[in-house]
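Chemist: Contents are mmCIF, C-alpha atoms; file name input_29.cif:
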```cif
data_query
#
loop_
_atom_site.label_atom_id
_atom_site.label_comp_id
_atom_site.auth_asym_id
_atom_site.auth_seq_id
_atom_site.Cartn_x
_atom_site.Cartn_y
_atom_site.Cartn_z
CA MET F 1 236.37 53.54 296.86
CA ALA F 2 238.85 56.44 296.54
CA ARG F 3 241.09 54.06 294.60
CA GLU F 4 238.20 53.01 292.37
CA LEU F 5 237.35 56.63 291.57
CA ALA F 6 240.99 57.45 290.80
CA ASN F 7 241.02 54.42 288.50
CA ASN F 8 237.82 55.58 286.78
CA GLU F 9 239.46 58.95 286.21
CA SER F 10 242.45 57.35 284.51
CA VAL F 11 240.19 55.11 282.38
CA ILE F 12 238.23 58.17 281.27
CA ARG F 13 241.40 60.14 280.56
CA GLU F 14 242.53 57.28 278.33
CA ILE F 15 239.19 57.22 276.47
CA PHE F 16 239.38 61.00 276.03
CA ASP F 17 242.98 60.98 274.77
CA LYS F 18 242.35 58.07 272.38
CA TRP F 19 239.30 59.86 270.98
CA ALA F 20 241.24 63.09 270.38
CA ALA F 21 244.09 61.12 268.79
CA ALA F 22 241.58 59.32 266.52
CA VAL F 23 240.19 62.70 265.44
CA ARG F 24 243.70 63.92 264.57
CA ALA F 25 244.39 60.67 262.65
CA GLN F 26 241.01 60.84 260.84
CA ASP F 27 240.47 57.32 262.18
CA ILE F 28 236.69 56.99 261.79
CA ASP F 29 236.37 53.69 263.69
CA GLY F 30 238.53 55.08 266.49
CA ILE F 31 236.39 58.20 266.87
CA ARG F 32 233.20 56.18 267.51
CA ALA F 33 234.84 53.30 269.39
CA ASN F 34 233.69 54.35 272.87
CA HIS F 35 230.39 56.07 272.05
CA SER F 36 226.83 55.15 272.96
CA PRO F 37 224.32 54.37 270.18
CA ASP F 38 222.12 57.07 271.81
CA MET F 39 224.87 59.71 271.61
CA LEU F 40 223.60 63.32 271.93
CA MET F 41 225.86 65.80 270.09
CA PHE F 42 225.78 69.59 270.45
CA ASP F 43 228.32 70.69 267.82
CA VAL F 44 229.97 74.00 266.86
CA PRO F 45 228.16 74.37 263.50
CA PRO F 46 224.42 73.71 262.99
CA PRO F 47 222.24 71.72 263.50
CA LEU F 48 221.06 72.52 267.04
CA PHE F 49 221.66 68.87 268.00
CA SER F 50 222.38 65.46 266.50
CA ARG F 51 221.16 62.23 268.07
CA GLY F 52 222.53 58.74 267.51
CA LEU F 53 225.91 57.49 266.33
CA ASP F 54 225.27 57.91 262.58
CA ALA F 55 224.24 61.56 263.03
CA TYR F 56 227.25 62.04 265.32
CA MET F 57 229.64 60.71 262.68
CA GLU F 58 228.08 63.09 260.10
CA THR F 59 229.33 65.99 262.20
CA TRP F 60 232.90 64.72 261.69
CA ASN F 61 232.46 64.66 257.91
CA LEU F 62 231.63 68.35 258.17
CA PHE F 63 234.64 68.97 260.44
CA TYR F 64 237.13 67.33 258.08
CA LYS F 65 235.92 69.39 255.11
CA CYS F 66 237.30 72.63 256.54
CA GLN F 67 240.37 71.74 258.64
CA VAL F 68 244.07 72.17 257.84
CA ARG F 69 246.22 69.06 257.34
CA PRO F 70 247.67 67.72 259.50
CA ILE F 71 244.57 68.06 261.71
CA VAL F 72 245.00 70.13 264.88
CA PHE F 73 242.74 68.93 267.72
CA ASN F 74 244.36 69.52 271.11
CA PHE F 75 243.07 70.28 274.59
CA ASP F 76 244.06 72.38 277.59
CA ASP F 77 242.54 72.56 281.06
CA VAL F 78 241.14 69.03 280.87
CA LYS F 79 239.17 68.46 284.10
CA ILE F 80 237.59 65.07 284.80
CA SER F 81 234.76 64.69 287.33
CA ALA F 82 234.43 60.93 287.75
CA GLY F 83 231.88 59.15 289.92
CA GLU F 84 231.28 55.41 290.10
CA ASP F 85 229.17 55.19 286.96
CA VAL F 86 228.63 58.76 285.72
CA ALA F 87 231.34 61.24 284.74
CA PHE F 88 231.88 64.43 282.81
CA VAL F 89 234.90 66.18 281.34
CA THR F 90 235.44 69.87 280.61
CA ALA F 91 238.22 71.25 278.42
CA ILE F 92 239.31 74.07 276.16
CA GLY F 93 240.10 72.85 272.64
CA ARG F 94 242.20 74.19 269.78
CA CYS F 95 241.84 73.51 266.07
CA VAL F 96 242.80 75.28 262.82
CA TYR F 97 240.08 75.65 260.17
CA ILE F 98 240.02 77.17 256.70
CA PRO F 99 237.09 79.58 256.23
CA PRO F 100 235.44 79.73 252.76
CA ASP F 101 237.19 83.00 251.94
CA GLY F 102 240.41 82.93 253.94
CA GLY F 103 243.53 81.19 255.11
CA PRO F 104 244.11 78.86 258.07
CA THR F 105 242.50 80.31 261.20
CA LYS F 106 243.14 79.22 264.78
CA LEU F 107 240.00 78.50 266.79
CA GLN F 108 239.55 77.95 270.51
CA PHE F 109 236.41 76.10 271.54
CA ARG F 110 234.74 74.80 274.71
CA LEU F 111 234.09 71.10 275.20
CA THR F 112 231.97 69.20 277.72
CA VAL F 113 231.78 65.39 277.50
CA GLY F 114 229.33 63.19 279.46
CA LEU F 115 230.03 59.50 280.13
CA ARG F 116 228.22 56.54 281.71
CA GLU F 117 229.53 53.20 282.84
CA GLN F 118 227.65 49.97 282.25
CA ASP F 119 228.89 46.41 282.81
CA GLY F 120 232.40 47.70 283.38
CA ASN F 121 232.56 49.78 280.19
CA TRP F 122 232.59 53.57 280.03
CA GLN F 123 230.85 55.12 277.05
CA ILE F 124 230.60 58.71 275.84
CA VAL F 125 226.86 59.52 275.75
CA HIS F 126 227.12 63.27 275.18
CA GLU F 127 229.46 65.88 273.68
CA HIS F 128 228.95 69.63 273.68
CA HIS F 129 231.37 71.61 271.49
CA SER F 130 230.87 75.36 271.09
CA VAL F 131 232.34 78.79 270.54
CA PRO F 132 230.92 81.98 272.06
CA ALA F 133 228.26 83.65 269.87
CA GLU F 134 229.47 86.71 267.98
CA GLU F 135 228.41 89.98 269.54
CA MET Z 1 221.01 51.47 295.11
CA ALA Z 2 218.49 51.81 292.27
CA ARG Z 3 216.27 53.66 294.73
CA GLU Z 4 219.14 55.95 295.74
CA LEU Z 5 219.90 56.82 292.12
CA ALA Z 6 216.24 57.53 291.40
CA ASN Z 7 216.23 59.78 294.45
CA ASN Z 8 219.37 61.59 293.22
CA GLU Z 9 217.66 62.16 289.90
CA SER Z 10 214.66 63.78 291.59
CA VAL Z 11 216.93 65.92 293.81
CA ILE Z 12 218.81 67.11 290.71
CA ARG Z 13 215.59 67.77 288.83
CA GLU Z 14 214.45 69.94 291.74
CA ILE Z 15 217.76 71.89 291.75
CA PHE Z 16 217.48 72.37 287.99
CA ASP Z 17 213.86 73.53 288.09
CA LYS Z 18 214.50 75.91 291.01
CA TRP Z 19 217.49 77.39 289.18
CA ALA Z 20 215.46 78.00 286.01
CA ALA Z 21 212.62 79.50 288.06
CA ALA Z 22 215.11 81.80 289.83
CA VAL Z 23 216.42 82.96 286.43
CA ARG Z 24 212.87 83.75 285.31
CA ALA Z 25 212.20 85.62 288.58
CA GLN Z 26 215.54 87.51 288.37
CA ASP Z 27 216.18 86.12 291.86
CA ILE Z 28 219.96 86.60 292.11
CA ASP Z 29 220.36 84.66 295.38
CA GLY Z 30 218.23 81.84 294.00
CA ILE Z 31 220.34 81.54 290.83
CA ARG Z 32 223.57 80.94 292.78
CA ALA Z 33 222.02 79.00 295.68
CA ASN Z 34 223.24 75.55 294.56
CA HIS Z 35 226.48 76.45 292.79
CA SER Z 36 230.08 75.61 293.61
CA PRO Z 37 232.57 78.42 294.39
CA ASP Z 38 234.73 76.89 291.62
CA MET Z 39 231.92 77.06 289.04
CA LEU Z 40 233.11 76.83 285.40
CA MET Z 41 230.77 78.63 282.98
CA PHE Z 42 230.78 78.33 279.19
CA ASP Z 43 228.16 80.93 278.18
CA VAL Z 44 226.42 81.87 274.91
CA PRO Z 45 228.15 85.29 274.55
CA PRO Z 46 231.90 85.87 275.15
CA PRO Z 47 234.14 85.38 277.08
CA LEU Z 48 235.36 81.87 276.22
CA PHE Z 49 234.87 80.84 279.84
CA SER Z 50 234.18 82.30 283.30
CA ARG Z 51 235.52 80.70 286.48
CA GLY Z 52 234.19 81.20 290.01
CA LEU Z 53 230.82 82.30 291.35
CA ASP Z 54 231.37 86.06 290.95
CA ALA Z 55 232.33 85.69 287.28
CA TYR Z 56 229.36 83.32 286.83
CA MET Z 57 226.95 85.90 288.24
CA GLU Z 58 228.40 88.56 285.87
CA THR Z 59 227.12 86.45 282.96
CA TRP Z 60 223.58 86.87 284.31
CA ASN Z 61 223.94 90.66 284.41
CA LEU Z 62 224.69 90.48 280.69
CA PHE Z 63 221.73 88.14 280.11
CA TYR Z 64 219.22 90.42 281.84
CA LYS Z 65 220.32 93.45 279.79
CA CYS Z 66 218.92 92.03 276.56
CA GLN Z 67 215.91 89.85 277.49
CA VAL Z 68 212.19 90.57 277.16
CA ARG Z 69 210.11 90.98 280.31
CA PRO Z 70 208.71 88.78 281.65
CA ILE Z 71 211.84 86.66 281.21
CA VAL Z 72 211.43 83.51 279.11
CA PHE Z 73 213.79 80.68 280.22
CA ASN Z 74 212.23 77.27 279.62
CA PHE Z 75 213.58 73.83 278.80
CA ASP Z 76 212.61 70.85 276.68
CA ASP Z 77 214.19 67.40 276.44
CA VAL Z 78 215.66 67.57 279.95
CA LYS Z 79 217.71 64.39 280.42
CA ILE Z 80 219.37 63.67 283.77
CA SER Z 81 222.27 61.20 284.06
CA ALA Z 82 222.65 60.74 287.81
CA GLY Z 83 225.29 58.61 289.51
CA GLU Z 84 225.96 58.40 293.23
CA ASP Z 85 228.02 61.57 293.44
CA VAL Z 86 228.47 62.86 289.89
CA ALA Z 87 225.69 63.83 287.46
CA PHE Z 88 225.05 65.79 284.32
CA VAL Z 89 221.97 67.21 282.65
CA THR Z 90 221.33 67.97 278.98
CA ALA Z 91 218.47 70.13 277.69
CA ILE Z 92 217.27 72.40 274.91
CA GLY Z 93 216.43 75.88 276.21
CA ARG Z 94 214.26 78.71 274.95
CA CYS Z 95 214.56 82.43 275.66
CA VAL Z 96 213.49 85.67 273.96
CA TYR Z 97 216.13 88.38 273.55
CA ILE Z 98 216.08 91.87 272.09
CA PRO Z 99 218.95 92.43 269.61
CA PRO Z 100 220.52 95.95 269.47
CA ASP Z 101 218.67 96.77 266.26
CA GLY Z 102 215.51 94.68 266.36
CA GLY Z 103 212.45 93.43 268.15
CA PRO Z 104 211.98 90.43 270.46
CA THR Z 105 213.65 87.36 268.92
CA LYS Z 106 213.10 83.75 269.99
CA LEU Z 107 216.29 81.81 270.62
CA GLN Z 108 216.84 78.09 271.12
CA PHE Z 109 220.05 77.10 272.89
CA ARG Z 110 221.80 73.95 274.10
CA LEU Z 111 222.54 73.42 277.80
CA THR Z 112 224.76 70.93 279.62
CA VAL Z 113 225.02 71.10 283.43
CA GLY Z 114 227.54 69.18 285.55
CA LEU Z 115 226.94 68.43 289.25
CA ARG Z 116 228.85 66.86 292.13
CA GLU Z 117 227.63 65.65 295.50
CA GLN Z 118 229.57 66.26 298.70
CA ASP Z 119 228.41 65.64 302.26
CA GLY Z 120 224.89 64.99 301.04
CA ASN Z 121 224.61 68.20 299.01
CA TRP Z 122 224.51 68.40 295.23
CA GLN Z 123 226.15 71.45 293.68
CA ILE Z 124 226.31 72.70 290.10
CA VAL Z 125 230.03 72.89 289.21
CA HIS Z 126 229.68 73.49 285.46
CA GLU Z 127 227.25 74.97 282.94
CA HIS Z 128 227.69 75.02 279.17
CA HIS Z 129 225.18 77.20 277.27
CA SER Z 130 225.59 77.67 273.51
CA VAL Z 131 224.04 78.21 270.12
CA PRO Z 132 225.42 76.77 266.89
CA ALA Z 133 227.97 79.04 265.20
CA GLU Z 134 226.65 80.94 262.19
CA GLU Z 135 227.61 79.45 258.85
#
```
Once more with this new file: its structure as structure tokens, please.
Modeler:
Amino acid sequence: MARELANNESVIREIFDKWAAAVRAQDIDGIRANHSPDMLMFDVPPPLFSRGLDAYMETWNLFYKCQVRPIVFNFDDVKISAGEDVAFVTAIGRCVYIPPDGGPTKLQFRLTVGLREQDGNWQIVHEHHSVPAEE
Amino acid sequence: MARELANNESVIREIFDKWAAAVRAQDIDGIRANHSPDMLMFDVPPPLFSRGLDAYMETWNLFYKCQVRPIVFNFDDVKISAGEDVAFVTAIGRCVYIPPDGGPTKLQFRLTVGLREQDGNWQIVHEHHSVPAEE
């Protein structure tokens, strides 16, 4: 069982890395490749939440409108908590956006990802991206 | 196994509900009762993250400084994804804070909680509270 859990962790790490690489490549099919149809997204900008894959993909349209090229979308402190059929990932992300009235601006954000396994396949069912609220 | 997972879900729901009740009661021992020493907190206000139970409890000091009394801390859409030894919870929360220059203001926020089971005990190892960034 310890071996199985270690294997799950490496499978999830691969899903996570492929997803981040797809975001950087603006590869729309790659971004959604391992996501559940019932995906629940808590994103950095409004709305409060988005449910379902189509609404999830809309959040990426918004993202691409205000990012530098090439896209920066990298992660530090990636920590995977993998069980047999439920897992979550925490990480600190970095991107570079262009505000409406300014130049390229580095942004650090927090990311939590929730996954479930069914019939041997792991799917991302939840993402929570955020920055601290301004004081 | 289906019975075990259903039982895990009810155990986690009880931990979640007790934690929220402890927050409302300003019961400091109750808030931290089921948390890991390695707790990773992504909170609504800065900093970007807090690690460890002491830093986690500091975030509650900040919370209590700007909330109405009695404390409002309630959740809708609580969804528990429970495996055998890893679980996560998503929810939409409601509180009422008092901004520096205004009256009581209702706030909706997003919450993701990550849990792990060890030796029969479930512990919260991660919380991610946030609001969408202002446009």
Chemist: Hey, which bits of chain F sit within 12 Å of chain Z, and for each residue what's the closest pair of atoms and how far apart in Å (one decimal), counting all atoms listed in the file, rows by chain and increasing number, as CSV?
Modeler:
```
residue,atom,partner,partner_atom,distance
F:Leu5,CA,Z:Asp85,CA,10.7
F:Met39,CA,Z:Thr90,CA,11.6
F:Leu40,CA,Z:Thr90,CA,8.7
F:Met41,CA,Z:Arg110,CA,9.9
F:Phe42,CA,Z:Arg110,CA,6.9
F:Asp43,CA,Z:Pro132,CA,6.8
F:Val44,CA,Z:Pro132,CA,5.3
F:Pro45,CA,Z:Ala133,CA,5.0
F:Pro46,CA,Z:Pro132,CA,5.1
F:Pro47,CA,Z:Pro132,CA,6.9
F:Leu48,CA,Z:Pro132,CA,6.1
F:Phe49,CA,Z:Arg110,CA,7.9
F:Ser50,CA,Z:Arg110,CA,11.4
F:Leu62,CA,Z:Glu135,CA,11.8
F:Asp77,CA,Z:Leu40,CA,11.2
F:Lys79,CA,Z:Leu40,CA,10.4
F:Ile80,CA,Z:Val86,CA,10.7
F:Ser81,CA,Z:Val86,CA,7.0
F:Ala82,CA,Z:Val86,CA,6.6
F:Gly83,CA,Z:Val86,CA,5.0
F:Glu84,CA,Z:Gly83,CA,6.8
F:Asp85,CA,Z:Gly83,CA,5.8
F:Val86,CA,Z:Gly83,CA,5.1
F:Ala87,CA,Z:Val86,CA,6.1
F:Phe88,CA,Z:Gly114,CA,7.0
F:Val89,CA,Z:Gly114,CA,9.0
F:Thr90,CA,Z:His126,CA,8.4
F:Ala91,CA,Z:Phe49,CA,10.3
F:Ile92,CA,Z:Leu48,CA,8.7
F:Gly93,CA,Z:Leu48,CA,10.8
F:Pro99,CA,Z:Glu135,CA,9.8
F:Pro100,CA,Z:Glu135,CA,9.9
F:Leu107,CA,Z:Leu48,CA,11.0
F:Gln108,CA,Z:Leu48,CA,8.1
F:Phe109,CA,Z:Leu48,CA,7.5
F:Arg110,CA,Z:Phe42,CA,6.9
F:Leu111,CA,Z:His128,CA,8.5
F:Thr112,CA,Z:His128,CA,7.4
F:Val113,CA,Z:Thr112,CA,9.2
F:Gly114,CA,Z:Phe88,CA,7.0
F:Leu115,CA,Z:Ser81,CA,8.9
F:Arg116,CA,Z:Ser81,CA,7.9
F:Glu117,CA,Z:Gly83,CA,9.6
F:Gln118,CA,Z:Gly83,CA,11.5
F:Ile124,CA,Z:Ser81,CA,12.0
F:Val125,CA,Z:Ser81,CA,9.6
F:His126,CA,Z:Thr90,CA,8.4
F:Glu127,CA,Z:Thr112,CA,9.1
F:His128,CA,Z:Thr112,CA,7.4
F:His129,CA,Z:Ser130,CA,8.6
F:Ser130,CA,Z:Ser130,CA,6.3
F:Val131,CA,Z:Ala133,CA,6.9
F:Pro132,CA,Z:Pro45,CA,5.0
F:Ala133,CA,Z:Pro45,CA,5.0
F:Glu134,CA,Z:Pro45,CA,6.9
F:Glu135,CA,Z:Pro45,CA,6.9
```
Chemist: So what do you get for CA of Ala20 in chain Z versus CA of Phe75 in chain Z, distance-wise?
Modeler: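 Pair CA of Ala20 in chain Z / CA of Phe75 in chain Z returns 8.5 Å.
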Chemist: Can you work out which one of Z:Arg94, Z:Arg32, Z:Lys18, Z:Arg24 has the shortest atom-to-atom distance to Pro70 in chain Z, counting only C-alpha atoms?
Modeler: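 Closest candidate: Z:Arg24.
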Chemist: Please, which residues are within 10 Å of (235.3, 62.3, 263.0) by the file's coordinates, counting all atoms listed in the file, and could they come as a VMD selection string?
Modeler: chain F and resid 19 to 20 22 to 32 56 to 64
Chemist: For this file, the PyMOL selection byres ((chain F and resi 105) around 10) selects which residues, as a list in words?
Modeler: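 With the PyMOL selection byres ((chain F and resi 105) around 10) on this model, the match is Gln67, Val68, Cys95, Val96, Tyr97, Ile98, Pro99, Gly102, Gly103, Pro104, Lys106 and Leu107 of chain F.
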Chemist: Figure out the distance between CA of Phe16 in chain Z and CA of Gly120 in chain F, please, to one decimal in Å.
Modeler: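 If I compute the distance from CA of Gly120 in chain F to CA of Phe16 in chain Z, I get 29.2 Å.
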Chemist: Record the distance separating CA of Asp54 in chain Z and CA of His35 in chain Z, expressed in Å with one decimal.
Modeler: 10.9 Å
Chemist: Please enclose the listed atoms of range 7-19 of chain F in an axis-aligned box, pad each side by 8 Å, and write out the centre and the three edge lengths in Å, rounded to one decimal, as AutoDock Vina command-line options.
Modeler:
```
--center_x 240.4 --center_y 57.7 --center_z 279.7 --size_x 21.2 --size_y 22.6 --size_z 33.5
```
